[in-house]
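Structure file data20.txt (compact mmCIF, C-alpha atoms) is printed below.
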# COMPACT_ATOMS: atom_id res chain seq x y z
CA MET A 433 -165.63 87.87 -19.32
CA ARG A 434 -169.35 87.58 -19.94
CA ALA A 435 -171.84 89.43 -17.76
CA GLU A 436 -173.28 86.26 -16.23
CA ASP A 437 -169.76 85.03 -15.35
CA GLU A 438 -168.98 88.36 -13.71
CA GLN A 439 -172.17 88.16 -11.70
CA ALA A 440 -171.37 84.57 -10.65
CA PHE A 441 -167.89 85.70 -9.60
CA ARG A 442 -169.32 88.58 -7.55
CA GLU A 443 -171.77 86.25 -5.80
CA PHE A 444 -168.99 83.75 -5.12
CA VAL A 445 -166.76 86.44 -3.60
CA THR A 446 -169.63 87.75 -1.49
CA SER A 447 -170.46 84.31 -0.14
CA GLN A 448 -166.83 83.23 0.47
CA MET A 449 -165.18 86.45 1.68
CA ALA A 450 -165.69 85.86 5.42
CA SER A 451 -164.30 82.32 5.39
CA LEU A 452 -161.37 83.32 3.14
CA ARG A 453 -160.43 86.16 5.47
CA LYS A 454 -160.62 83.85 8.49
CA LEU A 455 -158.47 81.24 6.76
CA ALA A 456 -155.86 83.84 5.86
CA TYR A 457 -155.87 85.33 9.36
CA MET A 458 -155.57 81.93 11.01
CA THR A 459 -152.67 81.12 8.70
CA CYS A 460 -150.63 84.31 9.07
CA GLY A 461 -151.94 85.87 12.31
CA ASP A 462 -152.24 89.42 11.00
CA TRP A 463 -155.46 90.98 9.73
CA HIS A 464 -153.69 93.35 7.35
CA ALA A 465 -151.62 90.59 5.79
CA ALA A 466 -154.74 88.42 5.64
CA GLU A 467 -156.62 91.12 3.70
CA ASP A 468 -153.71 91.42 1.27
CA ALA A 469 -153.55 87.64 0.85
CA VAL A 470 -157.27 87.38 0.07
CA ALA A 471 -157.13 90.30 -2.35
CA ASN A 472 -154.14 88.84 -4.18
CA ALA A 473 -155.79 85.44 -4.41
CA LEU A 474 -159.04 86.89 -5.78
CA VAL A 475 -157.14 88.93 -8.37
CA LYS A 476 -155.49 85.72 -9.58
CA LEU A 477 -158.77 83.80 -9.48
CA TYR A 478 -160.70 86.23 -11.69
CA PRO A 479 -159.07 85.39 -15.06
CA ARG A 480 -159.30 81.63 -14.32
CA TRP A 481 -162.92 81.76 -13.13
CA ARG A 482 -164.54 80.10 -16.17
CA LYS A 483 -162.02 77.25 -16.32
CA LEU A 484 -162.45 75.94 -12.77
CA ASP A 485 -164.67 73.10 -11.62
CA ARG A 486 -164.22 73.80 -7.89
CA PRO A 487 -163.33 77.48 -7.48
CA ASP A 488 -163.94 77.24 -3.72
CA LEU A 489 -161.06 74.79 -3.21
CA TYR A 490 -158.87 76.58 -5.71
CA VAL A 491 -159.25 79.95 -4.00
CA LYS A 492 -158.72 78.44 -0.51
CA THR A 493 -155.47 76.95 -1.76
CA MET A 494 -154.47 80.30 -3.22
CA VAL A 495 -155.38 82.17 -0.01
CA TYR A 496 -153.44 79.70 2.13
CA ARG A 497 -150.36 80.05 -0.06
CA ALA A 498 -150.71 83.83 -0.29
CA ALA A 499 -151.02 84.11 3.49
CA VAL A 500 -147.87 82.06 3.97
CA ASP A 501 -146.11 84.20 1.35
CA GLU A 502 -147.22 87.40 3.12
CA THR A 503 -145.38 86.30 6.26
CA ARG A 504 -142.23 85.72 4.18
CA ARG A 505 -142.09 89.21 2.72
CA PRO A 506 -138.81 91.01 3.52
CA TRP A 507 -140.52 94.02 5.08
CA ARG A 508 -142.27 91.69 7.53
CA ARG A 509 -138.88 90.71 8.92
CA GLU A 510 -138.01 94.31 9.73
CA ARG A 511 -138.71 95.18 13.34
CA SER A 512 -139.49 98.51 14.85
CA SER A 513 -137.95 99.65 18.10
CA GLY A 514 -141.28 99.05 19.81
CA ASP A 515 -141.04 95.34 19.00
CA ALA A 516 -137.98 95.08 21.24
CA LEU A 517 -140.06 96.02 24.29
CA PRO A 518 -141.47 93.06 26.18
CA ASP A 519 -145.17 92.44 25.96
CA VAL A 520 -146.92 92.78 29.27
CA ALA A 521 -149.44 90.01 29.70
CA LEU A 522 -152.50 91.41 31.43
CA ARG A 523 -155.62 89.47 32.19
CA ASP A 524 -158.64 91.00 30.57
CA PRO A 525 -161.55 91.47 32.95
CA ALA A 526 -163.92 90.15 30.31
CA ASP A 527 -163.62 86.37 30.44
CA ALA A 528 -164.58 85.83 26.83
CA THR A 529 -161.96 88.23 25.54
CA ASP A 530 -159.31 86.75 27.78
CA GLU A 531 -160.06 83.23 26.64
CA ARG A 532 -160.10 84.35 23.01
CA MET A 533 -156.65 85.89 23.41
CA ARG A 534 -155.30 82.76 25.09
CA LEU A 535 -156.76 80.57 22.35
CA ARG A 536 -155.22 82.80 19.70
CA ALA A 537 -151.84 82.55 21.43
CA ALA A 538 -152.18 78.77 21.57
CA LEU A 539 -153.02 78.70 17.86
CA ASP A 540 -149.95 80.82 17.15
CA ALA A 541 -147.83 78.14 18.85
CA VAL A 542 -148.96 75.57 16.26
CA PRO A 543 -146.75 75.45 13.13
CA ALA A 544 -148.31 77.23 10.13
CA ARG A 545 -149.06 74.17 8.00
CA GLN A 546 -150.58 72.26 10.91
CA ARG A 547 -152.54 75.36 11.95
CA ALA A 548 -153.88 75.70 8.41
CA ALA A 549 -154.86 72.02 8.39
CA VAL A 550 -156.71 72.37 11.70
CA VAL A 551 -158.45 75.55 10.53
CA LEU A 552 -159.47 74.04 7.20
CA ARG A 553 -160.71 70.82 8.76
CA HIS A 554 -162.37 71.97 11.97
CA TYR A 555 -163.00 75.70 11.63
CA LEU A 556 -164.10 75.82 8.00
CA GLY A 557 -165.49 72.28 8.08
CA LEU A 558 -163.76 70.90 4.99
CA SER A 559 -163.47 67.16 4.47
CA LEU A 560 -160.08 65.48 4.67
CA GLU A 561 -160.01 65.21 0.87
CA ASP A 562 -160.74 68.92 0.41
CA THR A 563 -158.22 69.84 3.12
CA ALA A 564 -155.59 67.75 1.32
CA GLY A 565 -156.49 69.47 -1.93
CA VAL A 566 -156.06 72.95 -0.45
CA LEU A 567 -152.76 72.00 1.21
CA ASP A 568 -151.60 70.21 -1.96
CA CYS A 569 -150.79 66.96 -0.19
CA THR A 570 -152.16 63.45 0.19
CA VAL A 571 -155.14 62.66 2.40
CA GLY A 572 -152.86 60.79 4.80
CA THR A 573 -150.57 63.79 5.11
CA ALA A 574 -153.53 66.10 5.71
CA LYS A 575 -154.85 63.71 8.36
CA SER A 576 -151.48 63.62 10.15
CA GLN A 577 -151.13 67.41 9.92
CA VAL A 578 -154.56 67.83 11.51
CA SER A 579 -153.75 65.27 14.19
CA ARG A 580 -150.37 66.82 15.02
CA GLY A 581 -151.83 70.32 14.95
CA LEU A 582 -154.58 69.35 17.39
CA ALA A 583 -152.03 67.64 19.65
CA LYS A 584 -149.84 70.76 19.66
CA LEU A 585 -152.90 72.94 20.27
CA ARG A 586 -154.00 70.77 23.20
CA GLU A 587 -150.47 70.91 24.61
CA SER A 588 -150.44 74.71 24.38
CA LEU A 589 -153.90 74.96 25.88
CA ALA A 590 -152.98 72.64 28.73
CA ALA A 591 -150.16 75.03 29.61
CA GLU A 592 -152.79 77.79 29.75
CA ARG A 593 -155.13 75.52 31.74
CA ILE A 594 -157.81 75.48 29.06
CA ASN A 595 -159.43 72.07 28.65
CA LEU A 596 -160.83 71.22 25.22
CA THR A 597 -162.36 67.90 26.23
CA GLY A 598 -165.49 69.51 27.64
CA ASN A 599 -165.99 71.79 24.64
CA SER A 600 -166.63 70.96 21.04
CA ILE A 601 -164.25 72.19 18.36
CA GLU A 602 -166.98 74.50 17.08
CA GLU A 603 -167.30 76.20 20.49
CA TRP A 604 -163.64 77.06 20.88
CA THR A 605 -163.13 77.95 17.23
CA SER A 606 -166.00 80.43 17.42
CA ALA A 607 -164.21 82.02 20.35
CA VAL A 608 -161.05 82.50 18.25
CA ALA A 609 -162.64 84.49 15.42
Kindly return the structure encoded in the file as structure tokens.
Amino acid sequence: MRAEDEQAFREFVTSQMASLRKLAYMTCGDWHAAEDAVANALVKLYPRWRKLDRPDLYVKTMVYRAAVDETRRPWRRERSSGDALPDVALRDPADATDERMRLRAALDAVPARQRAAVVLRHYLGLSLEDTAGVLDCTVGTAKSQVSRGLAKLRESLAAERINLTGNSIEEWTSAVA
């Protein structure tokens, strides 16, 4: 690869790393798996760098797929003895942290594809066309996935007594990260 292409790749990675990590985390729910997914996607992107018209959409698609694949790995299905113990739900004295945890739990209740659609559309701010491109589906399918994901998220949040109608999507998504 030429020096100017390498520099362009470095700048691209620097500018996109935060959003790629957030996308991967929102998809798989584990920071370590998210880091692995982003790293694997960037390794695969590097040799294709010069051939792509929209590397941003291409890498988001790769990160989404890698994050889903990370959750399917056989060693992820193994459980330690500590996983058998029930989680004790404690309210955090800091309201912001408590709400962030409840929002994260509500997001975990949304199916992975719908969660990815909601994250791509409302958290990362992609258009419906770009969201459909990342999810490798039609615009109509992306629109329905976003709609169903938001409905499921609202249902989960209603059970937690969190009302989204007073807040904008940007406000509650910033609380999740």
Extract, using all atoms listed in the file, all DNA, RNA and protein residues at most 12 Å from segment 445-451 of chain A, discarding same-chain residues fewer than 2 positions from it, and format them as a JSON list (two decimals) with C-alpha atoms, keeping the file's coordinate frame.
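Writing done, so here's out.json:
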[["chain", "number", "residue", "atom", "x", "y", "z"],
["A", 438, "GLU", "CA", -168.98, 88.36, -13.71],
["A", 439, "GLN", "CA", -172.17, 88.16, -11.70],
["A", 440, "ALA", "CA", -171.37, 84.57, -10.65],
["A", 441, "PHE", "CA", -167.89, 85.70, -9.60],
["A", 442, "ARG", "CA", -169.32, 88.58, -7.55],
["A", 443, "GLU", "CA", -171.77, 86.25, -5.80],
["A", 453, "ARG", "CA", -160.43, 86.16, 5.47],
["A", 454, "LYS", "CA", -160.62, 83.85, 8.49],
["A", 455, "LEU", "CA", -158.47, 81.24, 6.76],
["A", 456, "ALA", "CA", -155.86, 83.84, 5.86],
["A", 457, "TYR", "CA", -155.87, 85.33, 9.36],
["A", 458, "MET", "CA", -155.57, 81.93, 11.01],
["A", 466, "ALA", "CA", -154.74, 88.42, 5.64],
["A", 467, "GLU", "CA", -156.62, 91.12, 3.70],
["A", 469, "ALA", "CA", -153.55, 87.64, 0.85],
["A", 470, "VAL", "CA", -157.27, 87.38, 0.07],
["A", 471, "ALA", "CA", -157.13, 90.30, -2.35],
["A", 473, "ALA", "CA", -155.79, 85.44, -4.41],
["A", 474, "LEU", "CA", -159.04, 86.89, -5.78],
["A", 475, "VAL", "CA", -157.14, 88.93, -8.37],
["A", 477, "LEU", "CA", -158.77, 83.80, -9.48],
["A", 478, "TYR", "CA", -160.70, 86.23, -11.69],
["A", 481, "TRP", "CA", -162.92, 81.76, -13.13],
["A", 487, "PRO", "CA", -163.33, 77.48, -7.48],
["A", 488, "ASP", "CA", -163.94, 77.24, -3.72],
["A", 489, "LEU", "CA", -161.06, 74.79, -3.21],
["A", 491, "VAL", "CA", -159.25, 79.95, -4.00],
["A", 492, "LYS", "CA", -158.72, 78.44, -0.51],
["A", 495, "VAL", "CA", -155.38, 82.17, -0.01],
["A", 496, "TYR", "CA", -153.44, 79.70, 2.13],
["A", 551, "VAL", "CA", -158.45, 75.55, 10.53],
["A", 552, "LEU", "CA", -159.47, 74.04, 7.20],
["A", 555, "TYR", "CA", -163.00, 75.70, 11.63],
["A", 556, "LEU", "CA", -164.10, 75.82, 8.00],
["A", 557, "GLY", "CA", -165.49, 72.28, 8.08],
["A", 558, "LEU", "CA", -163.76, 70.90, 4.99],
["A", 609, "ALA", "CA", -162.64, 84.49, 15.42]]
Item checked: Among the residues A:Leu560, A:Arg547, A:Gln577, A:Ala538, the one that comes closest to Ala591 of chain A [using only C-alpha atoms] ->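 Closest to Ala591 of chain A of all the choices is A:Ala538.
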Next item on the list: Just give me the gap between atom CA of Val500 of chain A and atom CA of Ala541 of chain A in Å, one decimal is fine.
Entry: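 Separation between atom CA of Val500 of chain A and atom CA of Ala541 of chain A: 15.4 Å.
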Counting all atoms listed in the file, which residues come within 10 Å of (-151.0, 71.9, 12.3), with the point read in the file's coordinates, and could you list them as a compact mmCIF listing (two decimals) with C-alpha atoms, in the coordinates of the input?
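This is the output file selection_13.txt:
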# COMPACT_ATOMS: atom_id res chain seq x y z
CA LEU A 539 -153.02 78.70 17.86
CA ALA A 541 -147.83 78.14 18.85
CA VAL A 542 -148.96 75.57 16.26
CA PRO A 543 -146.75 75.45 13.13
CA ALA A 544 -148.31 77.23 10.13
CA ARG A 545 -149.06 74.17 8.00
CA GLN A 546 -150.58 72.26 10.91
CA ARG A 547 -152.54 75.36 11.95
CA ALA A 548 -153.88 75.70 8.41
CA ALA A 549 -154.86 72.02 8.39
CA VAL A 550 -156.71 72.37 11.70
CA VAL A 551 -158.45 75.55 10.53
CA ALA A 574 -153.53 66.10 5.71
CA LYS A 575 -154.85 63.71 8.36
CA SER A 576 -151.48 63.62 10.15
CA GLN A 577 -151.13 67.41 9.92
CA VAL A 578 -154.56 67.83 11.51
CA SER A 579 -153.75 65.27 14.19
CA ARG A 580 -150.37 66.82 15.02
CA GLY A 581 -151.83 70.32 14.95
CA LEU A 582 -154.58 69.35 17.39
CA ALA A 583 -152.03 67.64 19.65
CA LYS A 584 -149.84 70.76 19.66
CA LEU A 585 -152.90 72.94 20.27
Notebook entry, point to check: So what do you get for atom CA of Asn472 of chain A versus atom CA of Arg553 of chain A, distance-wise?
Noted result: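 These atoms are spaced 23.1 Å apart.
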Next item on the list: Can you work out which one of A:Met494, A:His554, A:Asp501, A:Arg586 has the shortest atom-to-atom distance to Leu567 of chain A, counting all atoms listed in the file?
Entry: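 For Leu567 of chain A, the nearest of the given residues is A:Met494.
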Next item on the list: Enter the distance from atom CA of Asp540 of chain A to atom CA of Glu561 of chain A, in Å, rounded to one decimal.
Entry: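 The value is 24.7 Å.
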Checklist line | Given all atoms listed in the file as the counted atoms, nearest of A:Glu587, A:Glu502, A:Asp568, A:Asp562 to Asp462 of chain A | finding: A:Glu502
Next item on the list: Choose the residue, out of A:Ala498, A:Arg482, A:Met533, A:Thr570, that has the smallest atom-to-atom separation from Glu436 of chain A; count all atoms listed in the file.
Entry: A:Arg482
All file atoms of segment 463-480 of chain A boxed axis-aligned, 3 Å per side, centre plus edges, as JSON:
{"center_x": -156.2, "center_y": 87.5, "center_z": -2.7, "size_x": 15.1, "size_y": 17.7, "size_z": 30.8}
Assuming the input is short of atoms at segment 439-459 of chain A, produce N, CA, C and O atoms for that part as a PDB file, in the coordinates of the input.
ATOM      1  N   GLN A 439    -171.199  88.193 -12.787  1.00  0.00           N
ATOM      2  CA  GLN A 439    -172.170  88.160 -11.700  1.00  0.00           C
ATOM      3  C   GLN A 439    -171.943  86.929 -10.808  1.00  0.00           C
ATOM      4  O   GLN A 439    -172.012  87.017  -9.587  1.00  0.00           O
ATOM      5  N   ALA A 440    -171.653  85.791 -11.420  1.00  0.00           N
ATOM      6  CA  ALA A 440    -171.370  84.570 -10.650  1.00  0.00           C
ATOM      7  C   ALA A 440    -170.117  84.764  -9.797  1.00  0.00           C
ATOM      8  O   ALA A 440    -170.071  84.327  -8.636  1.00  0.00           O
ATOM      9  N   PHE A 441    -169.118  85.427 -10.351  1.00  0.00           N
ATOM     10  CA  PHE A 441    -167.890  85.700  -9.600  1.00  0.00           C
ATOM     11  C   PHE A 441    -168.191  86.609  -8.410  1.00  0.00           C
ATOM     12  O   PHE A 441    -167.722  86.371  -7.302  1.00  0.00           O
ATOM     13  N   ARG A 442    -168.966  87.664  -8.641  1.00  0.00           N
ATOM     14  CA  ARG A 442    -169.320  88.580  -7.550  1.00  0.00           C
ATOM     15  C   ARG A 442    -170.062  87.840  -6.433  1.00  0.00           C
ATOM     16  O   ARG A 442    -169.789  88.051  -5.252  1.00  0.00           O
ATOM     17  N   GLU A 443    -171.015  87.008  -6.800  1.00  0.00           N
ATOM     18  CA  GLU A 443    -171.770  86.250  -5.800  1.00  0.00           C
ATOM     19  C   GLU A 443    -170.863  85.283  -5.042  1.00  0.00           C
ATOM     20  O   GLU A 443    -170.988  85.119  -3.828  1.00  0.00           O
ATOM     21  N   PHE A 444    -169.939  84.661  -5.761  1.00  0.00           N
ATOM     22  CA  PHE A 444    -168.990  83.750  -5.120  1.00  0.00           C
ATOM     23  C   PHE A 444    -168.143  84.503  -4.106  1.00  0.00           C
ATOM     24  O   PHE A 444    -167.975  84.059  -2.969  1.00  0.00           O
ATOM     25  N   VAL A 445    -167.610  85.649  -4.501  1.00  0.00           N
ATOM     26  CA  VAL A 445    -166.760  86.440  -3.600  1.00  0.00           C
ATOM     27  C   VAL A 445    -167.560  86.881  -2.380  1.00  0.00           C
ATOM     28  O   VAL A 445    -167.087  86.796  -1.246  1.00  0.00           O
ATOM     29  N   THR A 446    -168.782  87.319  -2.589  1.00  0.00           N
ATOM     30  CA  THR A 446    -169.630  87.750  -1.490  1.00  0.00           C
ATOM     31  C   THR A 446    -169.881  86.620  -0.503  1.00  0.00           C
ATOM     32  O   THR A 446    -169.802  86.813   0.710  1.00  0.00           O
ATOM     33  N   SER A 447    -170.154  85.441  -1.014  1.00  0.00           N
ATOM     34  CA  SER A 447    -170.460  84.310  -0.140  1.00  0.00           C
ATOM     35  C   SER A 447    -169.224  83.736   0.557  1.00  0.00           C
ATOM     36  O   SER A 447    -169.335  83.186   1.650  1.00  0.00           O
ATOM     37  N   GLN A 448    -168.047  83.857  -0.055  1.00  0.00           N
ATOM     38  CA  GLN A 448    -166.830  83.230   0.470  1.00  0.00           C
ATOM     39  C   GLN A 448    -165.905  84.181   1.221  1.00  0.00           C
ATOM     40  O   GLN A 448    -164.959  83.727   1.863  1.00  0.00           O
ATOM     41  N   MET A 449    -166.137  85.476   1.151  1.00  0.00           N
ATOM     42  CA  MET A 449    -165.180  86.450   1.680  1.00  0.00           C
ATOM     43  C   MET A 449    -164.895  86.229   3.169  1.00  0.00           C
ATOM     44  O   MET A 449    -163.736  86.239   3.588  1.00  0.00           O
ATOM     45  N   ALA A 450    -165.907  86.020   3.974  1.00  0.00           N
ATOM     46  CA  ALA A 450    -165.690  85.860   5.420  1.00  0.00           C
ATOM     47  C   ALA A 450    -164.809  84.647   5.725  1.00  0.00           C
ATOM     48  O   ALA A 450    -163.855  84.751   6.511  1.00  0.00           O
ATOM     49  N   SER A 451    -165.103  83.512   5.107  1.00  0.00           N
ATOM     50  CA  SER A 451    -164.300  82.320   5.390  1.00  0.00           C
ATOM     51  C   SER A 451    -162.887  82.448   4.827  1.00  0.00           C
ATOM     52  O   SER A 451    -161.938  81.955   5.434  1.00  0.00           O
ATOM     53  N   LEU A 452    -162.724  83.120   3.700  1.00  0.00           N
ATOM     54  CA  LEU A 452    -161.370  83.320   3.140  1.00  0.00           C
ATOM     55  C   LEU A 452    -160.541  84.217   4.051  1.00  0.00           C
ATOM     56  O   LEU A 452    -159.355  83.957   4.274  1.00  0.00           O
ATOM     57  N   ARG A 453    -161.153  85.265   4.567  1.00  0.00           N
ATOM     58  CA  ARG A 453    -160.430  86.160   5.470  1.00  0.00           C
ATOM     59  C   ARG A 453    -160.036  85.445   6.758  1.00  0.00           C
ATOM     60  O   ARG A 453    -158.932  85.619   7.261  1.00  0.00           O
ATOM     61  N   LYS A 454    -160.934  84.616   7.279  1.00  0.00           N
ATOM     62  CA  LYS A 454    -160.620  83.850   8.490  1.00  0.00           C
ATOM     63  C   LYS A 454    -159.483  82.864   8.240  1.00  0.00           C
ATOM     64  O   LYS A 454    -158.587  82.724   9.064  1.00  0.00           O
ATOM     65  N   LEU A 455    -159.538  82.184   7.098  1.00  0.00           N
ATOM     66  CA  LEU A 455    -158.470  81.240   6.760  1.00  0.00           C
ATOM     67  C   LEU A 455    -157.135  81.963   6.671  1.00  0.00           C
ATOM     68  O   LEU A 455    -156.134  81.509   7.231  1.00  0.00           O
ATOM     69  N   ALA A 456    -157.112  83.089   5.998  1.00  0.00           N
ATOM     70  CA  ALA A 456    -155.860  83.840   5.860  1.00  0.00           C
ATOM     71  C   ALA A 456    -155.376  84.328   7.213  1.00  0.00           C
ATOM     72  O   ALA A 456    -154.179  84.235   7.521  1.00  0.00           O
ATOM     73  N   TYR A 457    -156.282  84.829   8.042  1.00  0.00           N
ATOM     74  CA  TYR A 457    -155.870  85.330   9.360  1.00  0.00           C
ATOM     75  C   TYR A 457    -155.342  84.198  10.230  1.00  0.00           C
ATOM     76  O   TYR A 457    -154.326  84.356  10.905  1.00  0.00           O
ATOM     77  N   MET A 458    -156.028  83.064  10.213  1.00  0.00           N
ATOM     78  CA  MET A 458    -155.570  81.930  11.010  1.00  0.00           C
ATOM     79  C   MET A 458    -154.223  81.404  10.524  1.00  0.00           C
ATOM     80  O   MET A 458    -153.460  80.853  11.294  1.00  0.00           O
ATOM     81  N   THR A 459    -153.939  81.595   9.252  1.00  0.00           N
ATOM     82  CA  THR A 459    -152.670  81.120   8.700  1.00  0.00           C
ATOM     83  C   THR A 459    -151.522  82.059   9.038  1.00  0.00           C
ATOM     84  O   THR A 459    -150.450  81.625   9.440  1.00  0.00           O
TER      85      THR A 459
END
